[in-house]
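Visitor: Got a structure for you, questions after.
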Amino acid sequence: MPGTRGPVPVPVQNGDRDLTLQILEAVDENASVKTSETFPNASQTEVKAALDRLASRQMIEYETDDSEEVVLTGEGQQIVDEGSHEFKVWDAVRKAGRMSLKDQALATPSAKVGQGNAFKLKWIKKDGDSLIPLTDSVTDTTREVLQYVAEHRALQNPRDLKDLRKRTLVTTQKIITYDARKGPRWARDIPVEVTDLTADMLADGSWKTANFKPYNFKALGEQSQGVGALHPLNKVREEFRKIFFNLGFTEMPTGRFVDTGFWNFDALFVPQQHPARDMQDTFYVSDPPEAGPPGPDPEADAALNAMEEEDRDEEDSDPPTRPTQQPTKHLDYAQYYANVRATHQDGAFGSIGYRYPYNDAEPRRLVLRTHTTAVSTYCLHRLAANPRPAKYFSIDRVFRNETVDATHLAEFHQVEGVIADYGLTLGGLQGFLRRFFKKMGLVGLKFKPAYNPYTEPSMEVFAYHRGLGKLVEIGNSGMFRPEMLLAMGLPEDLRVYGFGLSLERPTMIKYGVNNIRELLGHKVDLGFIEGNAAVRLDKA
Amino acid sequence: MPTIGVNKADLYKELGKEYTRDEFDELCFEFGIELDEDTTGVEEPAQLKIEIPANRYDMLCFEGIAMNLNVFLGRQSMPNYTLKSPPSGQLETVTVSKDTAGIRQYFSCAVLRNITFTKARYESFIALQDKLHQNLARQRTLVAIGTHDLDTIQGPFTYEALPPDQIKFAPLNQTKEMTGSEMMAFYDKDKHLSRFLPIIRDSPVYPIIYDANRTVLSMPPIINSNHSKITLDTKNVFIDITATDKTKLEIVNHIIVTMFSQYCEEPFTVEPVKIVSDHNGETRETPDLTPRATQASAAYINSVCGLAESRESLCDLLKRMCYHAKPSTTDDDILEVDVPVTRADVLHQADIMEDCAIAYGFNNLPRNFPTTRAATAAALPINKLADIVRLESAMAGWAEVMPLTLCSHDENYAWLNKPDDNKAVRLANPKTAEYQIVRTSLLPGLLKTIRENRRHAVPMRIFEVSDVAFKDPALERRSRNERHFAACWYGKSAGFEQVHGLLDRVMLMLKAAFVTREDGLEGAAGVAGARYWIEGCEDPTYLSGHAAAIYLQLGGRKEAQRIGTFGILHPTVLKRFELPFPASTLELNVEVFL
């Protein structure tokens, strides 16, 4: 819509002549100009735009007048032109002197109406099977009433409206008319205006005398900013990463969508008959058919080494809580596998185990990782070569063979952290989580005992949600089971916290997204991506 | 997690208190179960739907929930379950045939004497068996339970395995006798039972339990006989349990008899049964209700919980979690702990420690912030690199999208005019055809995103920096991820120069200099930085003559590698993805810049 938006109103053209100029002329000649009368053919939008253009410069002032007018229908116009139906019947009968009821002229629907009315008005009467006139002259009131409407677009007697409308002779329409007159800065011509400050104006000094076009402060600024945008979920992910880095965590190498039953389940002391390992819950891989035996992942090791190398220099001046320069133990993967197997089947490391016949095919099955804890497990086992305090985190994609609905997708992102240290306590995990979640504005944490095959104790983390007025679950946490850690060869007094949450759930809660498919996947609205505000987790 | 529905009024009566919703919520929260729903006003009589942790088989019924909460609240002590022989002194006997070894070799048994069922107790008894079958027994594959009116059958009993056609009896709630094979056909369409049939269907022999008169008790794990079925009036219950898993066999026996022996004339007594199973060394009397004696270190419990409780006080805490515990008289750190047979979830002293913490109250534990100092806080190198590409692309005016990793085979290959290169990881059990493989290209996701946003103004400029996966037989996981960068321009004109310009921009930010192909091939003698060039290529995804391959030469190296392609999408590709306007795409491997 030109002329109604933006800082510089665009001139509106009306045919050959500028409507703005026509209005100026009209206002100049008349104290008050009613636009609907003066410019009956101009569209209301164009009139309004032209008036605004002048009003914004205070050259004119105007008021808006909403009113209703009565207009003739086609039938009504015909009556104005030719006379009413009853008049036409009377006229025909009068001219003929006597007219048979079977006459063709009386067969039309309008003639039938006219005949009835003419009877009522006692203009004609029946005589046998013919009509004869009762009078020589009549007053056609209907026509007169409608003639008044044609001239005045209103009824002389407003009470007639209902009846005439019913007879479909008139109808009403809403009209907006503007009453314009001279304003405080009246001028016959629009002064030359400049739309913007230019380099030339600065150079020749004309800016001092220039007449700047007024700015429309009710409109938005330029909207096509050529914007790029980051995905809202990745913006939240970035906030989480910053929190982790601030708390001294190292990012784990999670570049393995496909993992083995061993790392994803068995090494985590998840029994082989656990429901999570069902086909309904886990995506198994058909090709490639089978994993290799557990062993080092050179790519992951290279990434971890590179990151740990970054801080090697600082060790001398600021030693960590335990010396890291212990001789590095060789990681014996065959022994690790044997330990895991024994812990499940026969019990070991102070555990009676699950006591079921361990199936060596299960750890060789390839799966799409169901959690990034598979990677944490790898990193914790690697720690056994040189046991020391460590803080690791990851945020990456995991897969569940779920039936897709508003809260479930077959893939989502898991946020996971682990802390390994000597002498860790359960209250320490609570204290850590309190600080962690406070950084995203979640306070009043409560911890509920829960069950998880690889952590004991296990705690569900709840926070009070002001909007919902109740405690909501915000994550899971626990201390990894000795069965898992001791099988890795970690020392008995090195305890490990684990905690996790999905990236999607807090994002959905925070931004009021009800359907996960509006947040992740190809059905996400690009407008949502482009218009989503910056993520400030600490701001409620 | 299993959800158990219990009668609200009965439970509150059992707990000796009319709880408000908040009060009961809180009790559940502290104990570690969850009140899912209160059906007051929805259903008569009102039920409480309570979620139970998956390893607490002793809470899968009303009796177990009431008992555990009452012990936790200190309203009762853990019952002492005892074995009691029948007045005759003669135990019932079941002889296990070695033929069962091939199909379902483990057998366990028990008798509940002089039990009084009410409607509620009877229903709970049946429901518990269902819950056990579903959860611990993994849909009867591992364990199956049969219960019988002992007064309708006559010991000694035998557990055998016979060819299906030699088995004939009237199954539960049927009057007509059927052979094993006929039953397979009869129950094939049964909503409830059909899913269990495959457990034995193709076996040459089916498991079968007979009494002394060759009356069938049951054909586990499918169905009991109609003859021996229990009713509200049953006084003496004979419980048969068959299994392929020895440990779970006994857990199931323990749970059933401990939960329901309270309704026996002499509460908490169970009549053992003699099992003769010499061929596999399983001859014994079942059940064995002796608590498992173990030890826990007070220092360990205190250390993990951050407490300094005396051994006596730790023992008091454990009492509320159904243990019987006392300080050792020979070691001043050790607690002698008896784990009741109901607590099959207790494997390690870590479990005992957790129960101390629950009894103490998770939310009463002293909190502190751990002082752990790790040697490093660092971002993963590939993520740092990817973030550079992401930020530069967004700053260049492109919008980041996040499609899914899984896609259909067609989307990844045929729709891009690509033959299957046998590099994609295939899924074995997807629920829909939408998820057949792990993508090897980011393009399908970008094009689907455009398709779903067709009503958005054009041009659309989108990008993604994320992982694809390839098979890799040399690796333990037989596959590897690769970080890719891809972008798509979609508008009324194809925008080849647009994606080309984005490539140049990102390359500039990664300090790779643009050279011509000829300069590149001439070699990089004396050149310190990376260099890239593009050359026309034929790629079926792109319109012929409108595609280019991207070559990268890392600093000082002579050889160059092809890292990606870009071009105007072939109109057939556009058609497949239902895109009416032209588009250009770019995709390259960013890991080479690591």
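Order determines the names: the first chain of the structure tokens is A, the second B, and so forth; residues in each chain are numbered 1 upward, and ligands are numbered 1 upward as they are shown.
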Pull out every residue of chain A sitting within 6 Å of chain B, counting only C-alpha atoms, and send them as a ChimeraX atom specification.
Guide: /A:226-231,245,248-251,255-256,259,284-287,291-292,307-308,311,351-352,389-391,425-428,431-432,448-451,457,520-523
Visitor: Name all residues at most 9 Å from segment 196-201 of chain A (count only C-alpha atoms; drop same-chain ones fewer than 4 positions away) and give them as a PyMOL selection string.
Guide: chain A and resi 205-208+210+212-213
Visitor: Please dump the current selection as an mmCIF file, in the first residue's frame; keep N, CA, C and O atoms.
Guide:
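Below you can see part36.cif, which holds the result:
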data_model
loop_
_atom_site.group_PDB
_atom_site.id
_atom_site.type_symbol
_atom_site.label_atom_id
_atom_site.label_comp_id
_atom_site.auth_asym_id
_atom_site.auth_seq_id
_atom_site.Cartn_x
_atom_site.Cartn_y
_atom_site.Cartn_z
ATOM 1 N N GLY A 205 26.427 22.862 1.317
ATOM 2 C CA GLY A 205 25.809 23.598 2.424
ATOM 3 C C GLY A 205 24.302 23.738 2.312
ATOM 4 O O GLY A 205 23.680 24.387 3.153
ATOM 5 N N SER A 206 23.705 23.105 1.326
ATOM 6 C CA SER A 206 22.262 23.268 1.150
ATOM 7 C C SER A 206 21.462 22.630 2.275
ATOM 8 O O SER A 206 20.266 22.860 2.392
ATOM 9 N N TRP A 207 22.112 21.782 3.078
ATOM 10 C CA TRP A 207 21.393 21.151 4.184
ATOM 11 C C TRP A 207 20.834 22.193 5.145
ATOM 12 O O TRP A 207 19.839 21.955 5.823
ATOM 13 N N LYS A 208 21.492 23.408 5.179
ATOM 14 C CA LYS A 208 21.060 24.409 6.160
ATOM 15 C C LYS A 208 19.661 24.929 5.845
ATOM 16 O O LYS A 208 18.906 25.273 6.738
ATOM 17 N N ALA A 210 17.520 23.332 3.656
ATOM 18 C CA ALA A 210 16.684 22.292 3.049
ATOM 19 C C ALA A 210 15.412 22.076 3.851
ATOM 20 O O ALA A 210 15.410 22.189 5.074
ATOM 21 N N PHE A 212 13.215 19.326 4.922
ATOM 22 C CA PHE A 212 13.233 17.864 5.009
ATOM 23 C C PHE A 212 11.830 17.310 5.105
ATOM 24 O O PHE A 212 10.976 17.855 5.796
ATOM 25 N N LYS A 213 11.630 16.252 4.420
ATOM 26 C CA LYS A 213 10.352 15.551 4.522
ATOM 27 C C LYS A 213 10.192 15.028 5.948
ATOM 28 O O LYS A 213 11.147 14.507 6.521
#
Visitor: Can you list, as a compact mmCIF listing (two decimals) with all heavy atoms, in the first residue's frame, every protein, DNA or RNA residue that comes within 12 Å of Asp189 of chain A when you count only C-alpha atoms, leaving out same-chain residues fewer than 3 positions away?
Guide:
# COMPACT_ATOMS: atom_id res chain seq x y z
N THR A 20 -3.23 14.71 -4.71
CA THR A 20 -2.79 15.62 -3.65
C THR A 20 -3.00 17.07 -4.07
O THR A 20 -3.48 17.91 -3.30
CB THR A 20 -1.30 15.38 -3.34
OG1 THR A 20 -1.09 13.98 -3.27
CG2 THR A 20 -0.89 16.01 -2.02
N LEU A 21 -2.62 17.35 -5.32
CA LEU A 21 -2.78 18.72 -5.82
C LEU A 21 -4.25 19.11 -5.93
O LEU A 21 -4.64 20.22 -5.60
CB LEU A 21 -2.09 18.86 -7.18
CG LEU A 21 -0.56 18.80 -7.12
CD1 LEU A 21 0.02 18.89 -8.53
CD2 LEU A 21 -0.01 19.93 -6.24
N GLN A 22 -5.07 18.16 -6.37
CA GLN A 22 -6.52 18.42 -6.47
C GLN A 22 -7.10 18.78 -5.11
O GLN A 22 -7.93 19.66 -4.99
CB GLN A 22 -7.25 17.21 -7.03
CG GLN A 22 -6.88 16.90 -8.47
CD GLN A 22 -7.63 15.66 -8.94
OE1 GLN A 22 -8.80 15.50 -8.63
NE2 GLN A 22 -6.94 14.81 -9.67
N ILE A 23 -6.64 18.06 -4.08
CA ILE A 23 -7.15 18.36 -2.73
C ILE A 23 -6.73 19.76 -2.31
O ILE A 23 -7.53 20.55 -1.77
CB ILE A 23 -6.66 17.30 -1.73
CG1 ILE A 23 -7.34 15.96 -2.03
CG2 ILE A 23 -6.92 17.74 -0.27
CD1 ILE A 23 -6.81 14.80 -1.23
N LEU A 24 -5.46 20.08 -2.60
CA LEU A 24 -4.98 21.42 -2.25
C LEU A 24 -5.85 22.49 -2.91
O LEU A 24 -6.25 23.47 -2.29
CB LEU A 24 -3.53 21.59 -2.68
CG LEU A 24 -2.47 21.03 -1.72
CD1 LEU A 24 -1.09 21.24 -2.31
CD2 LEU A 24 -2.57 21.70 -0.35
N GLU A 25 -6.14 22.28 -4.19
CA GLU A 25 -6.97 23.24 -4.92
C GLU A 25 -8.35 23.38 -4.28
O GLU A 25 -8.85 24.46 -4.06
CB GLU A 25 -7.16 22.79 -6.38
CG GLU A 25 -5.97 23.12 -7.25
CD GLU A 25 -6.05 22.40 -8.60
OE1 GLU A 25 -7.15 21.93 -8.97
OE2 GLU A 25 -4.99 22.30 -9.26
N VAL A 27 -9.31 22.66 -1.21
CA VAL A 27 -9.27 23.28 0.11
C VAL A 27 -9.03 24.78 -0.01
O VAL A 27 -9.56 25.58 0.77
CB VAL A 27 -8.18 22.61 0.99
CG1 VAL A 27 -7.96 23.40 2.28
CG2 VAL A 27 -8.57 21.17 1.31
N ASP A 28 -8.27 25.15 -1.01
CA ASP A 28 -7.98 26.56 -1.24
C ASP A 28 -9.27 27.31 -1.58
O ASP A 28 -9.50 28.44 -1.16
CB ASP A 28 -6.96 26.69 -2.37
CG ASP A 28 -6.41 28.10 -2.45
OD1 ASP A 28 -6.41 28.78 -1.38
OD2 ASP A 28 -5.97 28.52 -3.53
N LEU A 54 -0.49 15.50 3.27
CA LEU A 54 -0.61 16.94 3.54
C LEU A 54 -0.72 17.21 5.03
O LEU A 54 -0.14 18.16 5.55
CB LEU A 54 -1.84 17.50 2.80
CG LEU A 54 -1.76 17.39 1.27
CD1 LEU A 54 -3.10 17.72 0.64
CD2 LEU A 54 -0.65 18.31 0.75
N ARG A 57 2.39 17.40 7.08
CA ARG A 57 3.12 18.66 6.94
C ARG A 57 2.33 19.83 7.54
O ARG A 57 2.67 20.98 7.35
CB ARG A 57 3.39 18.94 5.47
CG ARG A 57 4.38 17.95 4.89
CD ARG A 57 4.38 17.99 3.37
NE ARG A 57 5.38 17.10 2.87
CZ ARG A 57 5.24 15.78 2.79
NH1 ARG A 57 4.12 15.23 3.17
NH2 ARG A 57 6.22 15.04 2.33
N MET A 59 -0.20 21.10 6.51
CA MET A 59 -0.76 21.99 5.50
C MET A 59 -2.28 21.97 5.56
O MET A 59 -2.93 22.98 5.28
CB MET A 59 -0.28 21.58 4.10
CG MET A 59 1.21 21.84 3.92
SD MET A 59 1.89 20.94 2.52
CE MET A 59 1.04 21.76 1.18
N ILE A 60 -2.83 20.83 5.86
CA ILE A 60 -4.28 20.75 6.05
C ILE A 60 -4.57 20.03 7.36
O ILE A 60 -3.66 19.46 7.97
CB ILE A 60 -4.99 20.00 4.89
CG1 ILE A 60 -4.49 18.54 4.87
CG2 ILE A 60 -4.75 20.68 3.56
CD1 ILE A 60 -5.46 17.62 4.20
N ARG A 185 -0.08 25.27 8.73
CA ARG A 185 1.00 25.64 7.80
C ARG A 185 0.50 25.52 6.38
O ARG A 185 1.14 24.93 5.52
CB ARG A 185 2.21 24.74 8.05
CG ARG A 185 2.80 24.98 9.44
CD ARG A 185 3.86 23.99 9.80
NE ARG A 185 5.06 24.17 9.00
CZ ARG A 185 6.16 23.47 9.20
NH1 ARG A 185 6.21 22.55 10.16
NH2 ARG A 185 7.22 23.66 8.45
N TRP A 186 -0.67 26.11 6.15
CA TRP A 186 -1.31 26.05 4.84
C TRP A 186 -0.41 26.65 3.78
O TRP A 186 0.26 27.64 3.97
CB TRP A 186 -2.66 26.79 4.89
CG TRP A 186 -3.15 27.12 3.49
CD1 TRP A 186 -3.13 28.33 2.89
CD2 TRP A 186 -3.65 26.18 2.56
NE1 TRP A 186 -3.61 28.22 1.63
CE2 TRP A 186 -3.94 26.89 1.38
CE3 TRP A 186 -3.89 24.82 2.59
CZ2 TRP A 186 -4.45 26.29 0.25
CZ3 TRP A 186 -4.40 24.23 1.47
CH2 TRP A 186 -4.68 24.94 0.29
N VAL A 192 9.25 22.21 -1.98
CA VAL A 192 10.24 21.22 -2.40
C VAL A 192 10.84 20.61 -1.14
O VAL A 192 11.31 21.31 -0.26
CB VAL A 192 11.34 21.88 -3.26
CG1 VAL A 192 12.40 20.86 -3.61
CG2 VAL A 192 10.71 22.48 -4.50
N GLU A 193 10.78 19.28 -1.10
CA GLU A 193 11.26 18.59 0.09
C GLU A 193 12.38 17.67 -0.27
O GLU A 193 12.39 17.08 -1.36
CB GLU A 193 10.12 17.76 0.70
CG GLU A 193 9.07 18.62 1.36
CD GLU A 193 7.93 17.77 1.87
OE1 GLU A 193 7.69 16.70 1.30
OE2 GLU A 193 7.29 18.16 2.86
Visitor: Name the residues in contact with Ile50 of chain B at a cut-off of 9 Å, using only C-alpha atoms, excluding same-chain residues fewer than 3 positions from it; report them as a PyMOL selection string.
Guide: chain B and resi 2-6+28+33-38
Visitor: Given only C-alpha atoms, how would the per-residue table for segment 170-288 of chain A near segment 392-409 of chain A read, listing every residue at most 8 Å away with its closest atom pair and distance in Å to one decimal, sorted by chain and number, as JSON lines?
Guide:
{"residue": "A:Arg237", "atom": "CA", "partner": "A:Ile395", "partner_atom": "CA", "distance": 7.2}
{"residue": "A:Arg241", "atom": "CA", "partner": "A:Ile395", "partner_atom": "CA", "distance": 8.0}
{"residue": "A:Phe244", "atom": "CA", "partner": "A:Phe393", "partner_atom": "CA", "distance": 7.1}
{"residue": "A:Phe249", "atom": "CA", "partner": "A:Tyr392", "partner_atom": "CA", "distance": 5.1}
{"residue": "A:Thr250", "atom": "CA", "partner": "A:Tyr392", "partner_atom": "CA", "distance": 4.8}
{"residue": "A:Glu251", "atom": "CA", "partner": "A:Phe393", "partner_atom": "CA", "distance": 5.0}
{"residue": "A:Met252", "atom": "CA", "partner": "A:Ser394", "partner_atom": "CA", "distance": 5.4}
{"residue": "A:Pro253", "atom": "CA", "partner": "A:Ser394", "partner_atom": "CA", "distance": 7.7}
{"residue": "A:Thr254", "atom": "CA", "partner": "A:Asp396", "partner_atom": "CA", "distance": 6.8}
{"residue": "A:Phe257", "atom": "CA", "partner": "A:Val398", "partner_atom": "CA", "distance": 7.4}
{"residue": "A:Met279", "atom": "CA", "partner": "A:Asn401", "partner_atom": "CA", "distance": 7.7}
{"residue": "A:Gln280", "atom": "CA", "partner": "A:Asn401", "partner_atom": "CA", "distance": 6.0}
{"residue": "A:Asp281", "atom": "CA", "partner": "A:Asn401", "partner_atom": "CA", "distance": 4.8}
{"residue": "A:Thr282", "atom": "CA", "partner": "A:Asn401", "partner_atom": "CA", "distance": 5.1}
{"residue": "A:Phe283", "atom": "CA", "partner": "A:Asn401", "partner_atom": "CA", "distance": 5.5}
Visitor: What is the atom CA of Met321 of chain B to atom CA of Ala299 of chain B distance in Å?
Guide: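 Atom CA of Ala299 of chain B lies 19.3 Å from atom CA of Met321 of chain B.
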Visitor: When DSSP is applied to the backbone of this structure, which of segment 51-230 of chain B are assigned alpha helix (DSSP H)? Write them out as a VMD selection string.
Guide: chain B and resid 62 to 72 119 to 134 180 to 186
Visitor: Restricting it to N, CA, C and O atoms, dump the selection as a short mmCIF file (atom, residue, chain, number, x, y, z; two decimals), in the first residue's frame.
Guide:
data_model
loop_
_atom_site.label_atom_id
_atom_site.label_comp_id
_atom_site.auth_asym_id
_atom_site.auth_seq_id
_atom_site.Cartn_x
_atom_site.Cartn_y
_atom_site.Cartn_z
N PHE B 62 -0.40 -53.46 44.70
CA PHE B 62 -0.91 -52.71 45.84
C PHE B 62 -0.18 -53.11 47.12
O PHE B 62 0.27 -52.26 47.89
N GLU B 63 -0.06 -54.44 47.34
CA GLU B 63 0.52 -54.94 48.58
C GLU B 63 1.96 -54.43 48.77
O GLU B 63 2.35 -54.04 49.87
N GLY B 64 2.72 -54.42 47.66
CA GLY B 64 4.12 -54.00 47.74
C GLY B 64 4.26 -52.51 47.98
O GLY B 64 5.11 -52.06 48.74
N ILE B 65 3.41 -51.72 47.33
CA ILE B 65 3.47 -50.27 47.50
C ILE B 65 3.11 -49.92 48.95
O ILE B 65 3.82 -49.16 49.63
N ALA B 66 2.04 -50.53 49.44
CA ALA B 66 1.61 -50.24 50.81
C ALA B 66 2.69 -50.67 51.80
O ALA B 66 3.03 -49.92 52.73
N MET B 67 3.25 -51.85 51.60
CA MET B 67 4.26 -52.35 52.54
C MET B 67 5.51 -51.46 52.55
O MET B 67 5.98 -51.04 53.59
N ASN B 68 6.02 -51.14 51.34
CA ASN B 68 7.24 -50.34 51.29
C ASN B 68 7.03 -48.95 51.89
O ASN B 68 7.91 -48.43 52.59
N LEU B 69 5.87 -48.35 51.62
CA LEU B 69 5.63 -47.01 52.18
C LEU B 69 5.45 -47.08 53.70
O LEU B 69 5.94 -46.22 54.43
N ASN B 70 4.76 -48.11 54.17
CA ASN B 70 4.57 -48.25 55.62
C ASN B 70 5.89 -48.47 56.35
O ASN B 70 6.12 -47.91 57.41
N VAL B 71 6.76 -49.27 55.74
CA VAL B 71 8.08 -49.49 56.35
C VAL B 71 8.86 -48.17 56.33
O VAL B 71 9.49 -47.78 57.31
N PHE B 72 8.79 -47.45 55.20
CA PHE B 72 9.50 -46.17 55.05
C PHE B 72 9.01 -45.16 56.10
O PHE B 72 9.78 -44.42 56.69
N LYS B 119 -12.18 -59.99 46.34
CA LYS B 119 -12.15 -59.57 44.94
C LYS B 119 -10.90 -58.72 44.66
O LYS B 119 -10.20 -58.93 43.68
N ALA B 120 -10.63 -57.77 45.58
CA ALA B 120 -9.49 -56.88 45.38
C ALA B 120 -8.18 -57.65 45.40
O ALA B 120 -7.29 -57.42 44.57
N ARG B 121 -8.03 -58.55 46.35
CA ARG B 121 -6.79 -59.32 46.46
C ARG B 121 -6.59 -60.20 45.23
O ARG B 121 -5.49 -60.32 44.70
N TYR B 122 -7.69 -60.83 44.80
CA TYR B 122 -7.63 -61.71 43.64
C TYR B 122 -7.18 -60.93 42.40
O TYR B 122 -6.28 -61.33 41.66
N GLU B 123 -7.80 -59.76 42.22
CA GLU B 123 -7.45 -58.95 41.04
C GLU B 123 -6.00 -58.49 41.11
O GLU B 123 -5.30 -58.46 40.10
N SER B 124 -5.56 -58.13 42.30
CA SER B 124 -4.18 -57.70 42.48
C SER B 124 -3.22 -58.85 42.17
O SER B 124 -2.16 -58.66 41.56
N PHE B 125 -3.60 -60.06 42.58
CA PHE B 125 -2.79 -61.25 42.36
C PHE B 125 -2.60 -61.49 40.85
O PHE B 125 -1.51 -61.77 40.37
N ILE B 126 -3.69 -61.35 40.11
CA ILE B 126 -3.63 -61.53 38.65
C ILE B 126 -2.82 -60.40 38.01
O ILE B 126 -1.97 -60.62 37.16
N ALA B 127 -3.07 -59.17 38.49
CA ALA B 127 -2.39 -58.01 37.90
C ALA B 127 -0.88 -58.07 38.12
O ALA B 127 -0.10 -57.71 37.25
N LEU B 128 -0.49 -58.55 39.31
CA LEU B 128 0.95 -58.65 39.58
C LEU B 128 1.61 -59.59 38.59
O LEU B 128 2.70 -59.31 38.08
N GLN B 129 0.95 -60.72 38.32
CA GLN B 129 1.53 -61.66 37.36
C GLN B 129 1.68 -61.01 36.00
O GLN B 129 2.69 -61.18 35.31
N ASP B 130 0.67 -60.23 35.60
CA ASP B 130 0.75 -59.52 34.33
C ASP B 130 1.93 -58.56 34.29
O ASP B 130 2.67 -58.49 33.32
N LYS B 131 2.07 -57.78 35.39
CA LYS B 131 3.15 -56.79 35.43
C LYS B 131 4.51 -57.48 35.40
O LYS B 131 5.43 -57.01 34.72
N LEU B 132 4.63 -58.57 36.12
CA LEU B 132 5.90 -59.30 36.11
C LEU B 132 6.18 -59.85 34.71
O LEU B 132 7.31 -59.80 34.22
N HIS B 133 5.14 -60.40 34.08
CA HIS B 133 5.31 -60.91 32.72
C HIS B 133 5.79 -59.83 31.77
O HIS B 133 6.64 -60.04 30.93
N GLN B 134 5.21 -58.62 31.93
CA GLN B 134 5.56 -57.52 31.02
C GLN B 134 6.97 -57.00 31.23
O GLN B 134 7.68 -56.70 30.29
N GLY B 180 -1.49 -79.03 21.28
CA GLY B 180 -0.58 -77.88 21.27
C GLY B 180 -0.64 -77.14 19.95
O GLY B 180 -0.70 -75.91 19.92
N SER B 181 -0.64 -77.89 18.85
CA SER B 181 -0.67 -77.24 17.54
C SER B 181 -1.99 -76.51 17.32
O SER B 181 -2.02 -75.40 16.79
N GLU B 182 -3.08 -77.15 17.76
CA GLU B 182 -4.39 -76.52 17.60
C GLU B 182 -4.48 -75.21 18.38
O GLU B 182 -5.08 -74.23 17.93
N MET B 183 -3.84 -75.22 19.54
CA MET B 183 -3.86 -73.99 20.35
C MET B 183 -3.11 -72.86 19.65
O MET B 183 -3.51 -71.70 19.73
N MET B 184 -2.03 -73.22 18.97
CA MET B 184 -1.27 -72.20 18.23
C MET B 184 -2.17 -71.53 17.19
O MET B 184 -2.14 -70.32 17.00
N ALA B 185 -2.98 -72.35 16.53
CA ALA B 185 -3.89 -71.80 15.52
C ALA B 185 -5.01 -71.03 16.20
O ALA B 185 -5.38 -69.92 15.78
N PHE B 186 -5.52 -71.61 17.30
CA PHE B 186 -6.66 -71.01 18.02
C PHE B 186 -6.32 -69.62 18.56
O PHE B 186 -7.14 -68.70 18.50
#
Visitor: One number please: atom CA of Leu268 of chain A to atom CA of Val339 of chain B, in Å, one decimal.
Guide: 24.2 Å
Visitor: Tell me, which residues of segment 170-345 of chain A carry DSSP strand (DSSP E), written as a ChimeraX atom specification?
Guide: /A:170-182,250-251,258-260,285-287
Visitor: Residues within 12 Å of Gln414 of chain A, please, as JSON, numbers by chain. Count only C-alpha atoms; anything in the same chain fewer than 2 positions from it doesn't count.
Guide: {"A": [233, 237, 240, 254, 369, 370, 371, 372, 373, 374, 375, 376, 393, 394, 395, 396, 397, 398, 399, 400, 411, 412, 416, 417, 475, 476, 499, 500, 501, 502, 503, 504, 505, 506]}
Visitor: Using only C-alpha atoms, find the one residue out of A:Pro133, A:His381, A:Glu299, A:Ala306 that sits nearest to Tyr336 of chain A.
Guide: A:His381
Visitor: Report the distance between atom CA of Lys326 of chain B and atom CA of Glu312 of chain B in Å, rounded to one decimal place.
Guide: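 Between atom CA of Lys326 of chain B and atom CA of Glu312 of chain B the gap is 7.0 Å.
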Visitor: Find the spatial neighbours of Pro207 of chain B, counting only C-alpha atoms, within a cut-off of 8 Å - ignore same-chain residues fewer than 4 positions away - and output them as number ranges by chain.
Guide: B: 100, 103-104, 159-162, 219-221
Visitor: Using N, CA and C atoms, can you export the residues from the last selection as a CSV table (one decimal), in the first residue's frame?
Guide:
chain,number,residue,atom,x,y,z
B,100,THR,N,13.2,-80.7,28.8
B,100,THR,CA,12.9,-79.3,28.9
B,100,THR,C,14.1,-78.4,28.6
B,103,ILE,N,14.1,-76.1,25.5
B,103,ILE,CA,13.1,-75.1,25.3
B,103,ILE,C,13.0,-74.1,26.5
B,104,ARG,N,13.0,-74.6,27.7
B,104,ARG,CA,12.7,-73.7,28.8
B,104,ARG,C,13.1,-74.4,30.1
B,159,TYR,N,7.3,-81.7,35.1
B,159,TYR,CA,7.5,-80.7,34.1
B,159,TYR,C,8.2,-81.3,33.0
B,160,GLU,N,7.6,-81.4,31.8
B,160,GLU,CA,8.1,-82.1,30.7
B,160,GLU,C,8.2,-81.2,29.4
B,161,ALA,N,8.7,-81.8,28.4
B,161,ALA,CA,8.6,-81.1,27.1
B,161,ALA,C,8.2,-82.2,26.1
B,162,LEU,N,7.1,-82.0,25.4
B,162,LEU,CA,6.5,-83.0,24.5
B,162,LEU,C,6.2,-82.3,23.1
B,219,MET,N,0.7,-75.0,30.0
B,219,MET,CA,1.6,-75.1,28.9
B,219,MET,C,2.4,-73.8,28.8
B,220,PRO,N,3.4,-73.6,29.7
B,220,PRO,CA,4.1,-72.3,29.7
B,220,PRO,C,4.9,-72.1,28.4
B,221,PRO,N,5.1,-70.9,28.0
B,221,PRO,CA,4.7,-69.6,28.7
B,221,PRO,C,3.3,-69.2,28.1
